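File shown here: structure18.txt, holding compact mmCIF, C-alpha atoms.
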# COMPACT_ATOMS: atom_id res chain seq x y z
CA MET B 1 0.00 0.00 0.00
CA ASN B 2 1.50 3.34 -1.03
CA VAL B 3 1.78 6.34 1.26
CA ARG B 4 -1.18 8.15 -0.32
CA ASN B 5 -3.51 5.21 0.25
CA LEU B 6 -2.25 4.77 3.82
CA VAL B 7 -2.98 8.41 4.64
CA LEU B 8 -6.46 8.10 3.10
CA LEU B 9 -7.15 4.94 5.10
CA SER B 10 -6.05 6.59 8.34
CA PHE B 11 -8.33 9.54 7.66
CA LEU B 12 -11.32 7.27 7.01
CA VAL B 13 -10.67 5.34 10.22
CA MET B 14 -10.62 8.59 12.22
CA VAL B 15 -13.90 9.74 10.67
CA ALA B 16 -15.50 6.37 11.41
CA MET B 17 -14.38 6.46 15.06
CA ALA B 18 -15.74 9.97 15.52
CA ALA B 19 -19.11 8.82 14.19
CA VAL B 20 -19.43 5.94 16.69
CA PRO B 21 -22.46 6.68 18.94
CA GLY B 22 -21.51 7.55 22.51
CA ARG B 23 -17.89 8.37 21.67
CA SER B 24 -17.73 11.84 23.21
CA ALA B 25 -16.58 13.64 26.33
CA ALA B 26 -18.39 10.92 28.27
CA ALA B 27 -15.70 8.44 27.20
CA GLU B 28 -12.76 10.74 27.92
CA PRO B 29 -10.94 11.04 31.26
CA TYR B 30 -12.48 13.73 33.44
CA PRO B 31 -11.46 16.39 34.19
CA ALA B 32 -9.04 17.17 31.39
CA ALA B 33 -9.27 20.97 31.85
CA PRO B 34 -10.05 23.49 34.60
CA VAL B 35 -13.58 23.41 36.02
CA ARG B 36 -15.64 26.58 36.47
CA LEU B 37 -17.64 27.01 39.68
CA ILE B 38 -20.29 29.72 39.31
CA VAL B 39 -20.94 31.59 42.54
CA PRO B 40 -24.13 33.59 41.90
CA PHE B 41 -23.21 36.45 44.22
CA PRO B 42 -20.47 39.13 44.23
CA PRO B 43 -16.99 38.48 45.63
CA GLY B 44 -16.25 39.07 49.29
CA GLY B 45 -19.45 37.92 50.96
CA PRO B 46 -20.14 34.77 52.99
CA VAL B 47 -21.48 32.88 49.94
CA ASP B 48 -18.30 33.67 48.01
CA SER B 49 -16.21 32.39 50.93
CA VAL B 50 -18.03 29.05 50.85
CA GLY B 51 -17.55 28.81 47.09
CA ARG B 52 -13.82 29.44 47.25
CA LEU B 53 -13.39 26.93 50.05
CA LEU B 54 -15.27 24.24 48.10
CA ALA B 55 -13.42 25.08 44.89
CA GLY B 56 -10.03 24.58 46.52
CA LYS B 57 -10.91 21.30 48.19
CA LEU B 58 -12.69 19.84 45.16
CA GLY B 59 -9.85 20.85 42.86
CA ALA B 60 -7.37 19.03 45.07
CA GLU B 61 -9.44 15.83 44.87
CA LEU B 62 -9.98 16.08 41.12
CA GLY B 63 -6.34 16.87 40.40
CA GLN B 64 -7.46 19.83 38.31
CA SER B 65 -8.05 23.50 39.01
CA VAL B 66 -11.57 24.55 40.04
CA TYR B 67 -11.91 28.31 39.70
CA VAL B 68 -14.65 30.61 40.97
CA ASP B 69 -16.65 32.70 38.50
CA ASN B 70 -18.73 35.30 40.38
CA LYS B 71 -21.95 36.06 38.50
CA GLY B 72 -24.01 38.21 40.83
CA GLY B 73 -27.36 39.83 40.19
CA ALA B 74 -31.11 39.23 40.47
CA GLY B 75 -30.76 37.66 43.91
CA GLY B 76 -28.55 34.90 42.52
CA GLY B 77 -30.75 34.25 39.51
CA ILE B 78 -28.28 35.38 36.84
CA GLY B 79 -25.57 32.97 37.95
CA ALA B 80 -28.01 30.10 38.49
CA GLN B 81 -29.47 30.59 35.01
CA ALA B 82 -25.99 30.63 33.49
CA ALA B 83 -25.28 27.28 35.14
CA ALA B 84 -28.61 25.78 34.09
CA SER B 85 -27.94 26.79 30.47
CA ALA B 86 -24.36 25.50 30.37
CA GLU B 87 -23.35 22.35 28.56
CA PRO B 88 -23.72 19.40 30.97
CA ASN B 89 -20.15 18.15 30.64
CA GLY B 90 -18.88 18.68 34.19
CA TYR B 91 -16.87 21.79 33.35
CA THR B 92 -19.48 24.19 34.75
CA LEU B 93 -20.79 23.75 38.30
CA LEU B 94 -22.96 25.95 40.52
CA LEU B 95 -22.69 26.85 44.17
CA GLY B 96 -26.40 26.44 44.90
CA SER B 97 -28.26 27.42 48.03
CA THR B 98 -31.71 27.56 49.51
CA ALA B 99 -31.98 31.09 48.11
CA THR B 100 -31.24 30.29 44.47
CA ILE B 101 -32.55 26.73 44.19
CA SER B 102 -35.57 26.60 46.49
CA ILE B 103 -36.80 30.16 47.07
CA LEU B 104 -36.02 32.39 44.08
CA PRO B 105 -38.26 30.46 41.63
CA LEU B 106 -41.13 30.94 44.10
CA ILE B 107 -40.86 34.72 44.33
CA ASN B 108 -39.38 35.93 41.04
CA SER B 109 -41.46 35.55 37.88
CA SER B 110 -38.44 36.22 35.65
CA VAL B 111 -36.67 33.03 36.76
CA ARG B 112 -36.56 30.67 33.79
CA TYR B 113 -34.96 27.61 35.39
CA ASP B 114 -36.80 24.81 37.15
CA PRO B 115 -34.91 23.69 40.28
CA ASP B 116 -36.05 20.07 39.97
CA ARG B 117 -35.75 19.73 36.20
CA ASP B 118 -32.66 21.74 35.28
CA PHE B 119 -30.08 20.79 37.92
CA THR B 120 -28.35 17.70 39.27
CA ALA B 121 -27.58 17.94 42.98
CA LEU B 122 -24.06 16.64 43.64
CA ALA B 123 -23.66 17.48 47.33
CA ILE B 124 -25.06 19.56 50.17
CA ALA B 125 -22.17 20.74 52.29
CA ALA B 126 -23.45 22.92 55.10
CA THR B 127 -26.44 24.58 56.70
CA GLY B 128 -26.81 27.97 58.30
CA VAL B 129 -29.43 29.76 60.34
CA GLN B 130 -30.69 33.31 60.52
CA ILE B 131 -30.55 35.78 63.38
CA PHE B 132 -33.23 38.45 63.79
CA VAL B 133 -31.60 41.77 64.75
CA VAL B 134 -32.56 45.39 65.38
CA ASN B 135 -30.67 48.62 65.69
CA GLU B 136 -29.51 49.21 69.27
CA LYS B 137 -31.83 52.22 69.62
CA VAL B 138 -34.98 50.21 68.85
CA PRO B 139 -36.62 49.64 72.27
CA VAL B 140 -37.08 45.86 72.05
CA ARG B 141 -34.98 43.01 73.42
CA ASP B 142 -36.75 39.87 72.30
CA ILE B 143 -39.14 38.53 69.68
CA PRO B 144 -42.38 39.18 71.65
CA GLY B 145 -41.15 42.73 72.17
CA LEU B 146 -40.55 43.14 68.43
CA VAL B 147 -44.06 41.93 67.64
CA ALA B 148 -45.66 44.21 70.23
CA TYR B 149 -43.61 47.20 69.08
CA ALA B 150 -44.46 46.58 65.42
CA LYS B 151 -48.16 46.30 66.20
CA SER B 152 -48.20 49.47 68.30
CA SER B 153 -46.21 51.63 65.90
CA LYS B 154 -48.17 54.23 63.95
CA ARG B 155 -46.16 53.39 60.83
CA PRO B 156 -44.92 49.93 59.74
CA LEU B 157 -41.53 49.08 61.21
CA SER B 158 -38.84 49.13 58.50
CA ALA B 159 -37.13 45.85 57.62
CA ALA B 160 -34.06 45.63 55.42
CA THR B 161 -34.35 42.87 52.83
CA GLY B 162 -31.48 41.67 50.66
CA GLY B 163 -31.12 38.77 48.24
CA SER B 164 -34.00 36.31 47.90
CA ALA B 165 -34.02 34.16 51.05
CA ASN B 166 -34.06 37.15 53.40
CA PRO B 167 -37.39 38.68 52.26
CA PHE B 168 -38.93 35.20 52.14
CA PHE B 169 -37.95 34.51 55.76
CA ILE B 170 -39.25 37.91 56.86
CA ALA B 171 -42.54 37.20 55.07
CA MET B 172 -42.74 33.85 56.88
CA PHE B 173 -42.38 35.64 60.20
CA GLU B 174 -44.94 38.30 59.25
CA LYS B 175 -47.46 35.58 58.52
CA GLU B 176 -46.66 33.71 61.74
CA ALA B 177 -46.71 36.79 64.00
CA GLY B 178 -49.55 38.68 62.33
CA VAL B 179 -47.46 41.79 61.68
CA GLU B 180 -46.48 43.74 58.59
CA PHE B 181 -43.11 45.41 58.04
CA LEU B 182 -42.11 48.03 55.53
CA HIS B 183 -39.68 46.10 53.31
CA VAL B 184 -36.64 48.15 52.27
CA PRO B 185 -34.80 46.22 49.51
CA TYR B 186 -31.01 45.94 49.33
CA LYS B 187 -28.67 44.16 46.94
CA GLY B 188 -27.19 41.96 49.64
CA THR B 189 -26.74 41.15 53.30
CA GLY B 190 -23.75 43.44 53.84
CA PRO B 191 -25.46 46.71 52.84
CA SER B 192 -28.69 45.80 54.65
CA LEU B 193 -26.88 45.04 57.92
CA ALA B 194 -24.80 48.20 57.60
CA ASP B 195 -27.93 50.33 57.40
CA VAL B 196 -29.52 48.58 60.38
CA ALA B 197 -26.34 49.17 62.38
CA ALA B 198 -26.37 52.83 61.31
CA GLY B 199 -29.99 53.24 62.35
CA HIS B 200 -31.38 53.92 58.87
CA VAL B 201 -33.53 50.77 59.06
CA ALA B 202 -34.92 49.20 62.23
CA PHE B 203 -34.80 45.46 61.64
CA THR B 204 -33.41 42.69 59.47
CA VAL B 205 -32.66 38.98 59.29
CA ALA B 206 -29.21 37.70 58.34
CA ASP B 207 -26.97 34.65 58.66
CA THR B 208 -24.91 34.01 61.75
CA SER B 209 -21.51 34.63 60.15
CA ALA B 210 -22.52 38.16 59.15
CA VAL B 211 -24.42 39.05 62.33
CA ILE B 212 -22.33 37.75 65.23
CA PRO B 213 -19.39 40.19 64.77
CA LEU B 214 -21.85 43.14 64.79
CA VAL B 215 -23.62 41.78 67.87
CA LYS B 216 -20.31 41.42 69.71
CA ALA B 217 -19.35 44.97 68.69
CA GLY B 218 -22.65 46.30 70.07
CA GLN B 219 -23.75 47.62 66.68
CA VAL B 220 -26.96 45.56 66.50
CA ARG B 221 -29.05 43.69 69.05
CA ALA B 222 -29.90 40.01 68.48
CA LEU B 223 -33.50 39.07 69.28
CA GLY B 224 -33.73 35.45 68.24
CA ILE B 225 -32.28 32.72 66.08
CA SER B 226 -34.29 30.82 63.48
CA SER B 227 -33.20 27.25 64.22
CA LEU B 228 -35.26 24.90 66.39
CA GLN B 229 -32.33 24.49 68.79
CA ARG B 230 -29.89 27.11 70.00
CA SER B 231 -26.74 27.42 67.95
CA PRO B 232 -23.37 26.51 69.49
CA LEU B 233 -22.04 29.54 67.63
CA ALA B 234 -24.35 31.82 69.64
CA PRO B 235 -25.69 29.83 72.62
CA ASP B 236 -26.96 32.94 74.44
CA ILE B 237 -29.38 33.87 71.65
CA PRO B 238 -32.76 32.18 72.23
CA THR B 239 -34.61 30.56 69.37
CA ILE B 240 -37.71 32.16 67.91
CA ALA B 241 -39.50 28.86 68.55
CA GLU B 242 -38.93 29.13 72.32
CA GLN B 243 -40.22 32.72 72.35
CA GLY B 244 -43.81 31.91 71.54
CA PHE B 245 -43.58 30.62 67.97
CA PRO B 246 -43.12 26.85 68.30
CA GLY B 247 -41.98 25.17 65.11
CA PHE B 248 -40.75 28.36 63.47
CA GLU B 249 -37.65 27.52 61.44
CA ALA B 250 -35.91 29.48 58.71
CA GLY B 251 -32.47 28.60 57.46
CA GLY B 252 -30.51 27.61 54.45
CA TRP B 253 -28.00 25.22 52.97
CA PHE B 254 -25.13 25.44 50.48
CA GLY B 255 -24.14 22.78 47.98
CA LEU B 256 -22.78 21.95 44.56
CA PHE B 257 -24.96 21.45 41.49
CA ALA B 258 -24.43 20.73 37.81
CA PRO B 259 -26.63 21.23 34.76
CA ARG B 260 -28.99 18.28 34.27
CA GLY B 261 -27.68 15.62 31.89
CA LEU B 262 -24.15 14.92 33.12
CA PRO B 263 -22.49 11.86 31.56
CA ALA B 264 -22.56 9.02 34.08
CA ASN B 265 -18.77 8.79 34.40
CA VAL B 266 -18.47 12.53 35.05
CA GLN B 267 -21.19 12.53 37.69
CA ARG B 268 -19.63 9.51 39.39
CA ARG B 269 -16.20 11.20 39.42
CA LEU B 270 -17.60 14.38 40.96
CA VAL B 271 -19.65 12.54 43.58
CA ASP B 272 -16.68 10.37 44.56
CA ALA B 273 -14.46 13.45 44.90
CA LEU B 274 -17.07 15.29 46.97
CA ALA B 275 -17.47 12.28 49.28
CA LYS B 276 -13.77 12.66 50.08
CA VAL B 277 -14.12 16.42 50.57
CA ALA B 278 -16.96 15.73 53.01
CA SER B 279 -14.62 13.78 55.29
CA ASP B 280 -11.86 16.41 55.14
CA ARG B 281 -11.38 17.68 58.69
CA ASP B 282 -9.92 21.02 57.63
CA MET B 283 -12.84 21.57 55.27
CA ASN B 284 -15.37 21.13 58.04
CA GLU B 285 -13.42 23.24 60.53
CA GLN B 286 -13.35 26.08 58.02
CA LEU B 287 -17.11 25.78 57.46
CA LEU B 288 -17.57 26.15 61.23
CA ARG B 289 -15.38 29.25 61.22
CA LEU B 290 -17.66 30.69 58.54
CA GLY B 291 -20.60 30.27 60.91
CA LEU B 292 -22.01 27.21 59.15
CA THR B 293 -22.73 23.68 60.32
CA PRO B 294 -21.21 20.90 58.18
CA SER B 295 -24.26 18.87 57.09
CA TRP B 296 -23.04 16.71 54.25
CA SER B 297 -25.15 14.64 51.94
CA VAL B 298 -23.70 13.45 48.64
CA GLY B 299 -25.09 12.04 45.39
CA GLU B 300 -28.63 10.69 45.55
CA ASP B 301 -28.90 11.58 49.25
CA ALA B 302 -28.27 15.21 48.33
CA ALA B 303 -30.79 15.09 45.49
CA ARG B 304 -33.41 13.61 47.80
CA ASN B 305 -32.83 16.30 50.43
CA VAL B 306 -33.09 19.09 47.86
CA ARG B 307 -36.35 17.73 46.45
CA LYS B 308 -37.73 17.54 49.99
CA GLU B 309 -36.72 21.13 50.77
CA ASN B 310 -38.11 22.43 47.47
CA GLY B 311 -41.42 20.79 48.27
CA ARG B 312 -41.48 22.11 51.84
CA LEU B 313 -40.89 25.70 50.77
CA ARG B 314 -43.45 25.44 47.98
CA SER B 315 -45.95 24.48 50.67
CA VAL B 316 -44.88 27.42 52.83
CA ALA B 317 -45.31 29.79 49.87
CA ALA B 318 -48.76 28.36 49.16
CA THR B 319 -49.78 28.81 52.80
CA MET B 320 -48.74 32.47 52.59
CA ASN B 321 -50.55 32.86 49.25
CA MET B 322 -47.23 34.05 47.82
CA GLN B 323 -47.05 34.49 44.05
CA PRO B 324 -43.94 35.20 41.93
CA GLN B 325 -43.57 38.92 41.27
File written out as structure tokens:
Amino acid sequence: MNVRNLVLLSFLVMVAMAAVPGRSAAAEPYPAAPVRLIVPFPPGGPVDSVGRLLAGKLGAELGQSVYVDNKGGAGGGIGAQAAASAEPNGYTLLLGSTATISILPLINSSVRYDPDRDFTALAIAATGVQIFVVNEKVPVRDIPGLVAYAKSSKRPLSAATGGSANPFFIAMFEKEAGVEFLHVPYKGTGPSLADVAAGHVAFTVADTSAVIPLVKAGQVRALGISSLQRSPLAPDIPTIAEQGFPGFEAGGWFGLFAPRGLPANVQRRLVDALAKVASDRDMNEQLLRLGLTPSWSVGEDAARNVRKENGRLRSVAATMNMQPQ
């Protein structure tokens, strides 16, 4: 066989191999390139800190760089939509949370992704709770006092709302307590807390990692925490449940998601790597330092927990007659 015929034969073999069904990225070693982790909030906040921690640990297990891509806006919706629309090849992941996965589709009519249909849950890493706080000059010291003060005020008490989970949790409390606040929207937790501390707004709800330093500095006063049991991070703050609202619970989780349709080998590789990250002692100690509780579930366990939470919050929204705006 002459050289020309040999080259032609080689070319035909390559074309035939490329046309074999199923011969794609699914059959290639993964990951063969850096992996993008979309964090749907701006840099510098508590969500970003979780994303960077997970990116570093996951990258070490995968043997490939995992880099953070901050895509803030629309309460996390812009970044979540970008992840949902990405090619499901394992090279784009999402740092998902209660806010973006479970709550935002319930309150924002512009959200185009379906949390159950468009994402694959890979792992839930941690949970956090909310602390209800007021400016130090507001004359209340507990949750019953807040309710009484709000009901007696001639004008609705102002409440700073940022992101998507925060206004949802405040609405839950309004329904439970029979009060109505004047919602003052902010782009995020940081600006909303800053204005409460400065006295521009009376009240807000925010996660423990953001609130505790301000409480210790005497800039805001903590009234109650939204978990059913007191938090070891703030054992002196009573729960809202023990202050006359039994069963009241409002909190969130953080985890890793991928666009629906991952090749089986890619999903298995990611889940196996995340199972190792879950047992990393340094990982869990750092989550605690961020004010979060390591609460790992991986693979199908994570997917089951997310479906359960989505259903629970849909029921809460229905009870409150809440419609997407």
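Put simply, CA of His183 in chain B is 6.0 Å away from CA of Ala160 in chain B.
For the choices B:Ser227, B:Gly188, B:Phe132, B:Lys175, the atom-to-atom distance to Gly72 in chain B is smallest for B:Gly188 when using only C-alpha atoms.
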Inset, instruction - Give me, please, the distance in Å between CA of Thr293 in chain B and CA of Lys57 in chain B, quoted to one decimal. - result: 17.1 Å
Legend entry - Shell around Val184 in chain B at 10 Å using all atoms listed in the file, local window under 5 positions removed, as JSON, numbers by chain: {"B": [158, 159, 160, 161, 162, 167, 192, 201, 203, 204]}
Legend entry - Residue among B:Ala273, B:Leu58, B:Val39, B:Ile237 lying closest to Gly73 in chain B, counting only C-alpha atoms: B:Val39
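Proximity of B:Met172, B:Ala303, B:Ala125, B:Leu233 to Asp280 in chain B, computed with all atoms listed in the file, is greatest for B:Ala125.
For the choices B:Gly291, B:Pro235, B:Pro139, B:Pro88, the atom-to-atom distance to Asp207 in chain B is smallest for B:Gly291 when using all atoms listed in the file.
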Legend entry - Protein/DNA/RNA residues near (-49.7, 34.3, 41.2), cut 12 Å, all atoms listed in the file, as number ranges by chain: B: 106-109, 317-318, 320-325
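Rounded to one decimal, CA of Ala217 in chain B and CA of Ala241 in chain B lie 25.8 Å from each other.
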Inset, instruction - Just the residues within 10 Å of Ile131 in chain B, please, counting all atoms listed in the file, with nothing from its chain fewer than 6 positions along; format it as an MDAnalysis selection string. - result: chainID B and resid 204:212 221:227 234 237:240 250:251
Legend entry - Given only C-alpha atoms as the counted atoms, nearest of B:Val215, B:Ala275, B:Leu262, B:Val298 to Ala123 in chain B: B:Val298
Inset, instruction - Tell me which of B:Phe173, B:Gly77, B:Gly190, B:Glu300 sits closest to Asp272 in chain B, counting only C-alpha atoms. - result: B:Glu300
Starting from the sparse input, extend range 297-311 of chain B to N, CA and C atoms and give the output as a short mmCIF file (atom, residue, chain, number, x, y, z; two decimals), in the coordinates of the input.
data_model
loop_
_atom_site.label_atom_id
_atom_site.label_comp_id
_atom_site.auth_asym_id
_atom_site.auth_seq_id
_atom_site.Cartn_x
_atom_site.Cartn_y
_atom_site.Cartn_z
N SER B 297 -24.49 15.75 52.62
CA SER B 297 -25.15 14.64 51.94
C SER B 297 -24.64 14.68 50.50
N VAL B 298 -24.38 13.52 49.93
CA VAL B 298 -23.70 13.45 48.64
C VAL B 298 -24.48 12.54 47.70
N GLY B 299 -24.46 12.88 46.41
CA GLY B 299 -25.09 12.04 45.39
C GLY B 299 -26.60 12.01 45.55
N GLU B 300 -27.18 10.82 45.50
CA GLU B 300 -28.63 10.69 45.55
C GLU B 300 -29.19 11.17 46.88
N ASP B 301 -28.43 11.04 47.96
CA ASP B 301 -28.90 11.58 49.25
C ASP B 301 -29.09 13.09 49.16
N ALA B 302 -28.16 13.77 48.50
CA ALA B 302 -28.27 15.21 48.33
C ALA B 302 -29.48 15.56 47.47
N ALA B 303 -29.66 14.82 46.38
CA ALA B 303 -30.79 15.09 45.49
C ALA B 303 -32.12 14.90 46.22
N ARG B 304 -32.19 13.88 47.05
CA ARG B 304 -33.41 13.61 47.80
C ARG B 304 -33.69 14.75 48.80
N ASN B 305 -32.65 15.23 49.47
CA ASN B 305 -32.83 16.30 50.43
C ASN B 305 -33.26 17.60 49.76
N VAL B 306 -32.71 17.87 48.58
CA VAL B 306 -33.09 19.09 47.86
C VAL B 306 -34.54 19.02 47.40
N ARG B 307 -34.95 17.87 46.87
CA ARG B 307 -36.35 17.73 46.45
C ARG B 307 -37.29 17.93 47.63
N LYS B 308 -36.91 17.40 48.78
CA LYS B 308 -37.73 17.54 49.99
C LYS B 308 -37.84 19.01 50.40
N GLU B 309 -36.71 19.73 50.37
CA GLU B 309 -36.72 21.13 50.77
C GLU B 309 -37.50 21.98 49.77
N ASN B 310 -37.34 21.69 48.48
CA ASN B 310 -38.11 22.43 47.47
C ASN B 310 -39.61 22.26 47.72
N GLY B 311 -40.01 21.05 48.01
CA GLY B 311 -41.42 20.79 48.27
C GLY B 311 -41.91 21.48 49.53
#
